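S.K.: Input file: final25.cif. Contents: mmCIF, C-alpha atoms.
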data_run
loop_
_atom_site.label_atom_id
_atom_site.label_comp_id
_atom_site.auth_asym_id
_atom_site.auth_seq_id
_atom_site.Cartn_x
_atom_site.Cartn_y
_atom_site.Cartn_z
CA MET N 215 143.44 134.96 126.23
CA LEU N 216 140.81 137.72 126.37
CA SER N 217 141.38 140.81 124.25
CA HIS N 218 142.08 144.20 125.87
CA ASP N 219 138.69 145.51 124.70
CA LEU N 220 136.83 142.53 126.16
CA ARG N 221 138.71 142.71 129.47
CA ALA N 222 137.62 146.35 129.78
CA LYS N 223 133.93 145.43 129.81
CA PRO N 224 132.04 145.27 133.10
CA LEU N 225 132.41 142.00 134.94
CA PHE N 226 128.74 141.01 134.61
CA LEU N 227 128.97 141.30 130.81
CA LEU N 228 132.06 139.14 130.82
CA LEU N 229 130.29 136.52 132.89
CA LEU N 230 127.26 136.61 130.60
CA CYS N 231 129.46 136.26 127.55
CA LEU N 232 131.41 133.35 128.99
CA GLN N 233 128.26 131.62 130.26
CA SER N 234 126.58 131.84 126.87
CA GLY N 235 129.66 130.50 125.13
CA CYS N 236 130.27 133.46 122.85
CA THR N 237 133.66 133.90 121.21
CA GLN N 238 132.97 137.34 119.75
CA LEU N 239 132.15 140.70 121.27
CA TYR N 240 128.81 140.63 123.01
CA ASN N 241 127.13 143.08 120.60
CA GLU N 242 127.89 141.18 117.40
CA PRO N 243 125.02 139.17 115.83
CA ILE N 244 124.51 135.49 116.49
CA LYS N 245 124.69 133.59 113.22
CA VAL N 246 122.07 130.92 112.49
CA GLY N 247 121.98 128.71 109.42
CA VAL N 248 118.99 128.13 107.09
CA LEU N 249 119.54 125.02 104.94
CA HIS N 250 116.80 124.47 102.35
CA ALA N 251 116.19 124.00 98.63
CA GLN N 252 115.31 127.27 96.93
CA THR N 253 115.81 125.82 93.45
CA GLY N 254 115.23 122.37 91.99
CA VAL N 255 112.48 119.80 92.41
CA MET N 256 111.91 120.43 96.13
CA SER N 257 111.81 124.23 95.96
CA VAL N 258 108.01 124.39 95.57
CA SER N 259 107.74 122.97 99.08
CA GLU N 260 110.88 124.34 100.73
CA LYS N 261 110.99 128.00 99.67
CA PRO N 262 107.94 128.83 101.82
CA VAL N 263 109.67 127.12 104.78
CA VAL N 264 112.55 129.57 104.36
CA ASP N 265 110.01 132.42 104.48
CA ALA N 266 108.54 131.12 107.74
CA THR N 267 112.00 130.63 109.26
CA LEU N 268 113.11 134.15 108.34
CA MET N 269 109.86 135.61 109.66
CA ALA N 270 110.49 134.02 113.06
CA ILE N 271 114.06 135.37 113.04
CA ALA N 272 112.76 138.85 112.17
CA GLU N 273 110.22 138.69 115.01
CA ILE N 274 112.96 137.80 117.47
CA ASN N 275 115.16 140.64 116.26
CA GLU N 276 112.25 143.09 116.51
CA SER N 277 111.77 142.06 120.14
CA GLY N 278 115.40 142.66 121.06
CA GLY N 279 117.16 139.56 119.78
CA VAL N 280 118.60 136.75 121.90
CA LEU N 281 120.58 137.54 125.05
CA GLY N 282 120.68 141.12 123.85
CA ARG N 283 122.11 140.23 120.43
CA LYS N 284 120.47 140.23 117.01
CA LEU N 285 120.26 137.10 114.89
CA GLU N 286 121.93 136.97 111.48
CA ALA N 287 120.51 134.36 109.10
CA VAL N 288 123.00 132.64 106.82
CA VAL N 289 120.73 131.25 104.08
CA VAL N 290 122.05 128.62 101.67
CA ASP N 291 120.42 126.78 98.77
CA THR N 292 120.78 123.00 98.63
CA GLN N 293 119.42 123.04 95.06
CA SER N 294 117.43 119.90 96.02
CA SER N 295 120.70 117.92 96.22
CA ASP N 296 121.65 115.78 99.22
CA GLU N 297 125.34 115.97 98.30
CA ARG N 298 125.18 119.76 98.19
CA ALA N 299 123.36 119.78 101.55
CA VAL N 300 126.28 117.86 103.08
CA MET N 301 128.79 120.35 101.68
CA LEU N 302 126.73 123.33 102.85
CA SER N 303 126.29 121.84 106.34
CA LYS N 304 130.06 121.68 106.70
CA GLN N 305 130.33 125.24 105.42
CA LEU N 306 127.72 126.60 107.83
CA ILE N 307 129.34 124.92 110.84
CA GLU N 308 133.04 125.19 110.05
CA GLN N 309 133.31 128.42 108.02
CA ASP N 310 130.25 130.51 108.83
CA LYS N 311 130.37 129.50 112.52
CA VAL N 312 126.60 129.36 112.94
CA GLU N 313 125.27 128.38 116.37
CA VAL N 314 122.30 126.35 115.04
CA VAL N 315 120.91 125.20 111.69
CA PHE N 316 117.24 125.13 110.67
CA GLY N 317 116.69 123.00 107.61
CA CYS N 318 116.25 119.95 105.34
CA TRP N 319 113.00 118.53 103.98
CA THR N 320 113.47 114.99 102.67
CA SER N 321 114.64 112.22 104.96
CA SER N 322 117.43 111.47 102.50
CA CYS N 323 118.71 115.01 103.06
CA ARG N 324 118.40 114.74 106.85
CA LYS N 325 120.12 111.36 106.98
CA SER N 326 122.88 112.60 104.65
CA VAL N 327 123.77 115.57 106.87
CA LYS N 328 123.19 113.81 110.20
CA PRO N 329 126.83 112.58 110.52
CA ILE N 330 128.06 116.15 109.99
CA PHE N 331 126.04 117.46 112.93
CA GLU N 332 126.97 114.51 115.12
CA SER N 333 130.71 114.67 114.45
CA ASN N 334 130.72 118.43 115.10
CA HIS N 335 128.46 118.16 118.19
CA HIS N 336 126.16 120.66 116.50
CA LEU N 337 122.39 121.04 116.26
CA LEU N 338 119.83 120.76 113.44
CA PHE N 339 116.16 121.68 113.79
CA TYR N 340 114.27 119.48 111.29
CA PRO N 341 110.72 120.71 110.41
CA VAL N 342 109.16 117.90 108.37
CA GLN N 343 107.09 114.82 109.22
CA TYR N 344 109.16 111.68 108.66
CA GLU N 345 109.33 107.89 108.95
CA GLY N 346 110.73 107.67 112.48
CA LEU N 347 113.23 104.90 113.32
CA GLU N 348 115.77 107.50 114.39
CA SER N 349 116.69 109.57 117.44
CA SER N 350 119.83 111.68 117.36
CA GLU N 351 120.97 113.99 120.15
CA ASN N 352 121.99 116.45 117.45
CA ILE N 353 118.58 116.75 115.75
CA ILE N 354 115.40 118.30 117.10
CA TYR N 355 112.56 116.55 115.23
CA LEU N 356 109.72 119.07 114.89
CA GLY N 357 107.46 117.16 112.48
CA ALA N 358 105.12 114.24 113.02
CA VAL N 359 106.28 110.63 113.33
CA PRO N 360 104.10 107.69 112.16
CA ASN N 361 101.96 107.35 115.30
CA GLN N 362 101.09 111.06 114.99
CA GLN N 363 100.19 111.00 111.27
CA LEU N 364 100.56 107.85 109.14
CA MET N 365 98.92 105.38 111.48
CA PRO N 366 95.73 107.22 112.56
CA ALA N 367 95.11 108.45 109.00
CA THR N 368 95.64 105.01 107.43
CA HIS N 369 93.23 103.48 109.97
CA TRP N 370 90.51 106.02 109.12
CA PHE N 371 91.12 105.72 105.37
CA GLN N 372 91.02 101.92 105.37
CA LYS N 373 87.73 101.85 107.26
CA LYS N 374 86.17 104.20 104.73
CA TYR N 375 87.74 103.10 101.43
CA GLY N 376 89.42 99.68 101.83
CA PRO N 377 90.30 96.95 101.09
CA ARG N 378 92.54 97.28 97.95
CA PHE N 379 95.23 99.96 98.04
CA LEU N 380 97.72 101.26 95.51
CA LEU N 381 100.86 102.92 96.92
CA ILE N 382 102.51 105.75 94.94
CA ALA N 383 105.85 106.99 96.26
CA SER N 384 109.06 108.88 95.70
CA ASP N 385 112.05 106.56 95.60
CA TYR N 386 113.95 107.38 98.78
CA VAL N 387 114.02 106.38 102.42
CA PHE N 388 110.87 108.04 103.83
CA PRO N 389 108.37 106.53 101.35
CA HIS N 390 109.95 103.08 101.52
CA VAL N 391 109.78 102.96 105.31
CA ALA N 392 106.32 104.57 105.35
CA ASN N 393 105.00 102.00 102.89
CA LYS N 394 106.52 99.14 104.90
CA LEU N 395 104.62 100.43 107.94
CA ILE N 396 101.44 101.05 105.98
CA LYS N 397 101.43 97.53 104.48
CA ARG N 398 101.79 95.98 107.91
CA GLN N 399 98.98 98.12 109.26
CA LEU N 400 96.71 97.37 106.30
CA SER N 401 97.32 93.65 106.76
CA ALA N 402 96.42 93.91 110.45
CA LEU N 403 93.21 95.70 109.44
CA GLY N 404 92.24 93.04 106.87
CA ALA N 405 93.21 95.08 103.79
CA GLN N 406 96.11 94.85 101.34
CA ALA N 407 98.39 96.85 99.08
CA VAL N 408 97.80 95.43 95.59
CA GLY N 409 100.68 97.37 94.04
CA GLU N 410 103.42 99.95 94.56
CA PHE N 411 105.05 102.49 92.25
CA TYR N 412 108.32 104.28 93.13
CA TYR N 413 109.51 107.33 91.20
CA PRO N 414 112.61 109.53 91.36
CA LEU N 415 112.11 112.95 92.94
CA GLY N 416 110.94 115.37 90.26
CA HIS N 417 109.28 112.68 88.14
CA ASP N 418 106.29 114.08 86.25
CA ASP N 419 104.84 111.27 84.10
CA PHE N 420 102.31 109.10 85.93
CA SER N 421 100.61 107.49 82.93
CA GLU N 422 101.43 103.98 84.25
CA VAL N 423 99.58 104.80 87.45
CA PHE N 424 96.57 105.96 85.46
CA HIS N 425 96.45 102.73 83.45
CA TYR N 426 96.96 100.59 86.54
CA ILE N 427 94.07 102.27 88.34
CA LYS N 428 91.82 101.82 85.32
CA ASN N 429 92.65 98.15 84.86
CA ASN N 430 92.71 96.93 88.44
CA GLN N 431 90.30 96.93 91.33
CA VAL N 432 91.93 99.74 93.29
CA THR N 433 89.60 101.11 95.95
CA ALA N 434 92.01 103.70 97.39
CA ILE N 435 95.47 105.22 96.93
CA ILE N 436 98.10 106.21 99.48
CA ASN N 437 100.56 108.80 98.22
CA THR N 438 104.03 109.51 99.62
CA LEU N 439 105.37 111.56 96.72
CA ASN N 440 107.28 114.72 97.56
CA GLY N 441 107.98 118.06 95.90
CA ASN N 442 106.78 118.95 92.43
CA SER N 443 105.93 115.32 91.64
CA ASN N 444 102.77 115.92 93.69
CA THR N 445 101.79 118.74 91.35
CA ALA N 446 102.26 116.51 88.30
CA LEU N 447 100.29 113.63 89.84
CA PHE N 448 97.28 115.71 90.79
CA LYS N 449 97.33 117.50 87.44
CA MET N 450 96.97 114.07 85.81
CA PHE N 451 94.17 113.17 88.23
CA ALA N 452 92.31 116.33 87.22
CA GLU N 453 92.87 115.86 83.48
CA GLN N 454 91.87 112.18 83.53
CA LYS N 455 88.97 112.81 85.92
CA ILE N 456 90.26 110.22 88.39
CA THR N 457 88.14 110.23 91.53
CA THR N 458 89.67 107.21 93.29
CA PRO N 459 90.18 108.32 96.91
CA ILE N 460 93.78 109.32 97.59
CA LEU N 461 95.46 110.05 100.93
CA SER N 462 98.71 112.05 101.00
CA PHE N 463 101.27 112.65 103.75
CA SER N 464 103.44 115.37 102.20
CA LEU N 465 100.85 117.59 100.57
CA SER N 466 99.49 121.08 101.19
CA GLU N 467 97.50 123.53 99.08
CA GLN N 468 100.84 124.88 97.81
CA GLU N 469 101.42 121.95 95.43
CA LEU N 470 97.87 122.29 94.02
CA ILE N 471 97.72 126.03 93.31
CA ASN N 472 97.66 125.85 89.50
CA ILE N 473 95.47 122.74 89.17
CA LYS N 474 91.75 122.81 88.48
CA ILE N 475 90.12 120.63 91.14
CA SER N 476 86.62 119.27 90.66
CA LYS N 477 84.08 119.50 93.44
CA ASP N 478 83.68 115.70 93.49
CA ASN N 479 87.37 115.02 94.17
CA ASN N 480 88.42 112.55 96.87
CA ILE N 481 91.74 114.15 97.84
CA TYR N 482 92.74 113.76 101.50
CA ALA N 483 95.81 114.75 103.47
CA ALA N 484 97.02 114.13 107.01
CA GLU N 485 99.24 116.65 108.78
CA SER N 486 99.94 118.31 112.12
CA TYR N 487 98.67 121.63 110.70
CA PHE N 488 96.33 123.01 108.04
CA GLN N 489 95.82 126.68 107.35
CA SER N 490 92.05 126.24 107.87
CA ILE N 491 92.59 125.68 111.63
CA ASN N 492 90.53 128.13 113.67
CA GLY N 493 92.09 130.26 116.39
CA THR N 494 93.57 133.64 117.08
CA ARG N 495 97.21 132.50 116.93
CA ASN N 496 96.74 130.90 113.50
CA GLY N 497 94.84 133.93 112.23
CA ASP N 498 97.59 136.27 113.39
CA PHE N 499 100.26 134.07 111.81
CA LYS N 500 98.44 133.93 108.46
CA ARG N 501 98.00 137.70 108.32
CA LYS N 502 101.64 138.36 109.11
CA ILE N 503 103.22 135.82 106.80
CA SER N 504 100.97 136.74 103.87
CA SER N 505 102.71 140.11 103.76
CA ILE N 506 106.13 138.56 103.05
CA MET N 507 105.34 135.50 100.91
CA ASP N 508 104.90 135.41 97.16
CA GLU N 509 101.32 135.99 96.10
CA GLY N 510 99.28 132.81 96.16
CA THR N 511 101.64 130.94 98.50
CA THR N 512 99.80 128.79 101.02
CA ILE N 513 100.87 127.60 104.45
CA SER N 514 102.09 124.06 105.15
CA ALA N 515 102.78 122.06 108.30
CA PRO N 516 106.58 122.22 107.81
CA MET N 517 106.34 126.02 107.64
CA ILE N 518 104.63 126.06 111.03
CA ALA N 519 107.12 123.57 112.47
CA ALA N 520 110.05 125.65 111.21
CA TYR N 521 108.53 128.84 112.66
CA ASN N 522 107.90 127.13 116.01
CA GLY N 523 111.41 125.68 115.98
CA VAL N 524 113.11 129.06 115.78
CA HIS N 525 111.05 130.36 118.71
CA LEU N 526 111.69 127.18 120.73
CA TRP N 527 115.42 127.63 120.18
CA ARG N 528 115.24 131.29 121.19
CA ASN N 529 113.19 130.54 124.33
CA THR N 530 115.64 127.84 125.38
CA VAL N 531 118.67 130.07 124.87
CA GLU N 532 117.06 132.91 126.84
CA LYS N 533 115.97 130.60 129.65
CA PHE N 534 119.32 128.84 130.11
CA LYS N 535 121.57 131.74 129.02
CA SER N 536 123.51 129.68 126.48
CA TYR N 537 123.34 129.26 122.72
CA GLN N 538 126.08 126.63 122.49
CA PRO N 539 124.58 123.66 120.57
CA SER N 540 125.59 121.12 123.23
CA ASN N 541 123.83 123.15 125.93
CA VAL N 542 120.70 123.84 123.86
CA ARG N 543 120.14 120.23 122.88
CA ARG N 544 120.09 119.24 126.55
CA SER N 545 118.11 122.21 127.80
CA ILE N 546 115.35 122.14 125.16
CA LEU N 547 113.91 118.83 126.36
CA GLY N 548 110.46 119.51 127.78
CA GLU N 549 110.24 123.04 126.37
CA MET N 550 106.76 124.06 125.17
CA ILE N 551 105.39 126.76 122.88
CA SER N 552 101.91 127.88 121.88
CA GLY N 553 102.03 128.25 118.10
CA PRO N 554 99.62 128.55 115.17
CA SER N 555 98.81 124.81 115.30
CA GLY N 556 98.27 124.77 119.06
CA ASP N 557 100.45 123.78 122.00
CA ILE N 558 103.50 121.68 121.19
CA ARG N 559 106.47 120.60 123.28
CA ILE N 560 109.71 118.72 122.91
CA SER N 561 109.65 115.25 124.44
CA MET N 562 111.85 114.63 127.47
CA MET N 563 112.63 111.18 126.05
CA ASN N 564 113.74 111.46 122.43
CA ASN N 565 114.15 114.99 120.96
CA HIS N 566 110.84 114.63 119.11
CA THR N 567 107.79 116.87 119.33
CA TRP N 568 104.37 116.25 120.82
CA ASN N 569 102.12 117.17 117.87
CA PRO N 570 98.41 117.35 117.10
CA TYR N 571 96.88 115.30 114.26
CA TYR N 572 94.53 116.55 111.56
CA LEU N 573 92.93 114.74 108.61
CA ALA N 574 91.46 116.98 105.92
CA LYS N 575 89.64 116.77 102.58
CA LEU N 576 90.19 119.16 99.70
CA ASN N 577 87.21 121.25 98.65
CA ALA N 578 86.47 122.82 95.25
CA SER N 579 88.18 126.07 96.26
CA LYS N 580 91.39 124.09 96.88
CA SER N 581 91.35 124.47 100.64
CA PHE N 582 91.70 121.54 103.02
CA GLU N 583 88.74 121.22 105.38
CA ILE N 584 89.45 119.29 108.57
CA ILE N 585 87.24 116.22 109.00
CA GLU N 586 89.04 114.43 111.86
CA LYS N 587 91.41 115.69 114.51
CA ILE N 588 93.25 114.89 117.70
CA GLN N 589 94.00 118.40 118.82
CA LYS N 590 95.55 117.40 122.12
CA PRO N 591 99.24 116.81 121.33
CA ILE N 592 100.15 113.16 120.79
CA ARG N 593 103.23 111.66 122.42
CA PRO N 594 105.88 110.90 119.76
CA MET N 595 106.84 107.24 119.30
CA PRO N 596 109.62 107.16 116.68
CA PHE N 597 109.71 103.35 116.70
CA PRO N 598 106.45 101.67 115.62
CA PRO N 599 104.71 98.72 117.28
CA TYR N 600 105.15 96.55 114.17
CA GLY N 601 108.50 94.82 114.65
CA ASN N 602 111.34 95.44 117.10
CA LYS N 603 114.11 98.03 116.76
CA GLN N 604 116.61 95.58 115.31
CA TYR N 605 114.18 94.61 112.56
CA TRP N 606 113.80 98.25 111.52
CA TYR N 607 117.52 98.99 111.82
CA ASP N 608 118.20 96.05 109.50
CA PHE N 609 115.56 97.23 107.02
CA ILE N 610 116.97 100.77 106.96
CA ALA N 611 120.50 99.38 106.52
CA SER N 612 119.37 97.19 103.62
CA LEU N 613 117.95 100.21 101.79
CA TYR N 614 121.14 102.22 102.34
CA GLN N 615 123.42 99.43 101.16
CA GLY N 616 121.18 98.55 98.22
CA TRP N 617 121.31 102.13 97.01
CA GLY N 618 125.09 102.29 96.99
CA GLU N 619 125.37 103.86 100.47
CA ARG N 620 122.91 106.61 99.66
CA TRP N 621 119.54 107.48 101.20
CA SER N 622 117.73 107.74 97.87
CA ASN N 623 117.57 105.36 94.93
CA GLU N 624 119.24 107.56 92.35
CA HIS N 625 119.97 104.49 90.21
CA ALA N 626 116.26 104.50 89.28
CA GLY N 627 117.02 107.28 86.79
CA LYS N 628 113.88 108.63 85.15
CA GLN N 629 111.99 105.35 85.08
CA PRO N 630 109.30 104.30 87.60
CA ARG N 631 109.89 101.08 89.48
CA PRO N 632 106.59 99.24 89.78
CA VAL N 633 106.28 96.60 92.48
CA LEU N 634 103.06 94.88 91.59
CA LYS N 635 101.20 92.10 93.38
#
Take the structure in the file and write it out as structure tokens.
M.R.:
Amino acid sequence: MLSHDLRAKPLFLLLLCLQSGCTQLYNEPIKVGVLHAQTGVMSVSEKPVVDATLMAIAEINESGGVLGRKLEAVVVDTQSSDERAVMLSKQLIEQDKVEVVFGCWTSSCRKSVKPIFESNHHLLFYPVQYEGLESSENIIYLGAVPNQQLMPATHWFQKKYGPRFLLIASDYVFPHVANKLIKRQLSALGAQAVGEFYYPLGHDDFSEVFHYIKNNQVTAIINTLNGNSNTALFKMFAEQKITTPILSFSLSEQELINIKISKDNNIYAAESYFQSINGTRNGDFKRKISSIMDEGTTISAPMIAAYNGVHLWRNTVEKFKSYQPSNVRRSILGEMISGPSGDIRISMMNNHTWNPYYLAKLNASKSFEIIEKIQKPIRPMPFPPYGNKQYWYDFIASLYQGWGERWSNEHAGKQPRPVLK
């Protein structure tokens, strides 16, 4: 039953309100959730993503909001805990009544909250590159999948630095799947992974890696660590003067701010964005966000994806006159935006994003210089060519069951788990 006040509004406002699915008065703000770690081991990477998300929300509000209403950000701190992210997802949807959630970094976090969004028919915009092997109607995947990042970079790196690779990884679902893909690709290219090390998130002692590199014929390293473990690893590289080429997939200048980097380093990263990209849109973005971020904060690909995601959501809502999650997730397919990294769009096939690809090398001033790129957006292929879907579903299921129905191997404690050849 409509309230007396709402019935008194002009008919066209009533129709607009009903069409957009609102349950409150038309001039009240639209609540949107921001679900990220602002404390804990992942905060070094995720806090800047919150800044980029809030900047996009502020821009939208400055331009008049969405369907004539301002946005109200409900920001919560996962404290780098998957269990807390699950609890906060329920809170955002059921208590705070947000219309969309922007958040998560690790794949273990995304996979942990995925059932919450699916059972509530809600919508999560996920801003980070990931392992693929997933496609949910309730998640908009803004980051790169393997064919847009892992595979082209591994091919280039193997040609230049193969044939003997060491894999260093955090001990959760993304690195395990990524390394499975990488090993298959290396084998197809005539190279091999001679060893693997898995560490809990937040691990900061990589002395075993140092000794392994020194005592084995390692020609190159592929790194899928996340969060502040990256800072600890590259600090050790600097202190021990390790110049073995290393390629990373979850690394920006942010994790290297306080590390002295030598000019003869061989540190590479592959992403869908680097802050050294030329162009007016990127220049404008950098100038604007520098005014709200902590001094010295640098810009990462997930920050750009999160920023683009908010604007994609807003454009879709405005275009189709509805912010209900079920309507947005159908209407956003095929939507495009011109952002700081270039033109991106949501695939019509699988809720993933067409993204560019950049490979960069770190210079002595700790800035990534692009050395290879595919600037034209690449079609997302969440499922790789190595093995069929059932093979990968079984592999993912084996990880989950082996970890006690979790998406990270918390049983590893504080000890590394070497898997040596």
S.K.: Write out as a CSV table (one decimal) with C-alpha atoms, in the coordinates of the input each polymer residue whose atoms come within 9 Å of stretch 483-488 of chain N, counting only C-alpha atoms; drop sequence neighbours fewer than 4 positions from it.
M.R.:
chain,number,residue,atom,x,y,z
N,343,GLN,CA,107.1,114.8,109.2
N,357,GLY,CA,107.5,117.2,112.5
N,358,ALA,CA,105.1,114.2,113.0
N,362,GLN,CA,101.1,111.1,115.0
N,363,GLN,CA,100.2,111.0,111.3
N,364,LEU,CA,100.6,107.8,109.1
N,366,PRO,CA,95.7,107.2,112.6
N,367,ALA,CA,95.1,108.4,109.0
N,460,ILE,CA,93.8,109.3,97.6
N,461,LEU,CA,95.5,110.0,100.9
N,462,SER,CA,98.7,112.0,101.0
N,463,PHE,CA,101.3,112.6,103.8
N,464,SER,CA,103.4,115.4,102.2
N,465,LEU,CA,100.8,117.6,100.6
N,466,SER,CA,99.5,121.1,101.2
N,513,ILE,CA,100.9,127.6,104.4
N,514,SER,CA,102.1,124.1,105.2
N,515,ALA,CA,102.8,122.1,108.3
N,516,PRO,CA,106.6,122.2,107.8
N,518,ILE,CA,104.6,126.1,111.0
N,519,ALA,CA,107.1,123.6,112.5
N,554,PRO,CA,99.6,128.6,115.2
N,555,SER,CA,98.8,124.8,115.3
N,556,GLY,CA,98.3,124.8,119.1
N,569,ASN,CA,102.1,117.2,117.9
N,570,PRO,CA,98.4,117.4,117.1
N,571,TYR,CA,96.9,115.3,114.3
N,572,TYR,CA,94.5,116.6,111.6
N,573,LEU,CA,92.9,114.7,108.6
N,574,ALA,CA,91.5,117.0,105.9
N,575,LYS,CA,89.6,116.8,102.6
N,576,LEU,CA,90.2,119.2,99.7
N,582,PHE,CA,91.7,121.5,103.0
N,583,GLU,CA,88.7,121.2,105.4
N,584,ILE,CA,89.4,119.3,108.6
N,589,GLN,CA,94.0,118.4,118.8
S.K.: Apply the PyMOL selection byres ((chain N and resi 327) around 8) to the file shown and report the selected residues as a PyMOL selection string.
M.R.: chain N and resi 296+299-300+303+323-326+328-331
S.K.: Find the residues around N:Val531 up to 10 Å (all atoms listed in the file counted), leave out those fewer than 6 positions away in its own chain, and share them as an MDAnalysis selection string.
M.R.: chainID N and resid 234 280:281 525 537:539 541:542 545:546
S.K.: As number ranges by chain, please: the residues near stretch 467-474 of chain N (cut-off 8 Å, all atoms listed in the file, same-chain neighbours under 2 positions excluded).
M.R.: N: 258-259, 441-442, 444-445, 448-449, 452, 465, 476, 510-514, 580-582
S.K.: Given the choices N:Ile436, N:Met301, N:Val248, N:Val524, which gets closest to N:Ala407 if the distance is worked out from all atoms listed in the file?
M.R.: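 Ranked by minimum distance to N:Ala407, first place goes to N:Ile436.
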S.K.: In Å, with one decimal, what is the gap from atom CA of N:Thr458 to atom CA of N:Ser321?
M.R.: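 Distance reported for this atom pair: 28.0 Å.
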S.K.: Could you pull the residues within 8 Å of N:Tyr375, counting all atoms listed in the file, minus those fewer than 2 positions along the same chain, as a JSON list (two decimals) with C-alpha atoms, in the frame of the given file?
M.R.:
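What follows is the written file selection08.json:
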[["chain", "number", "residue", "atom", "x", "y", "z"],
["N", 371, "PHE", "CA", 91.12, 105.72, 105.37],
["N", 372, "GLN", "CA", 91.02, 101.92, 105.37],
["N", 373, "LYS", "CA", 87.73, 101.85, 107.26],
["N", 377, "PRO", "CA", 90.30, 96.95, 101.09],
["N", 433, "THR", "CA", 89.60, 101.11, 95.95],
["N", 434, "ALA", "CA", 92.01, 103.70, 97.39],
["N", 459, "PRO", "CA", 90.18, 108.32, 96.91]]
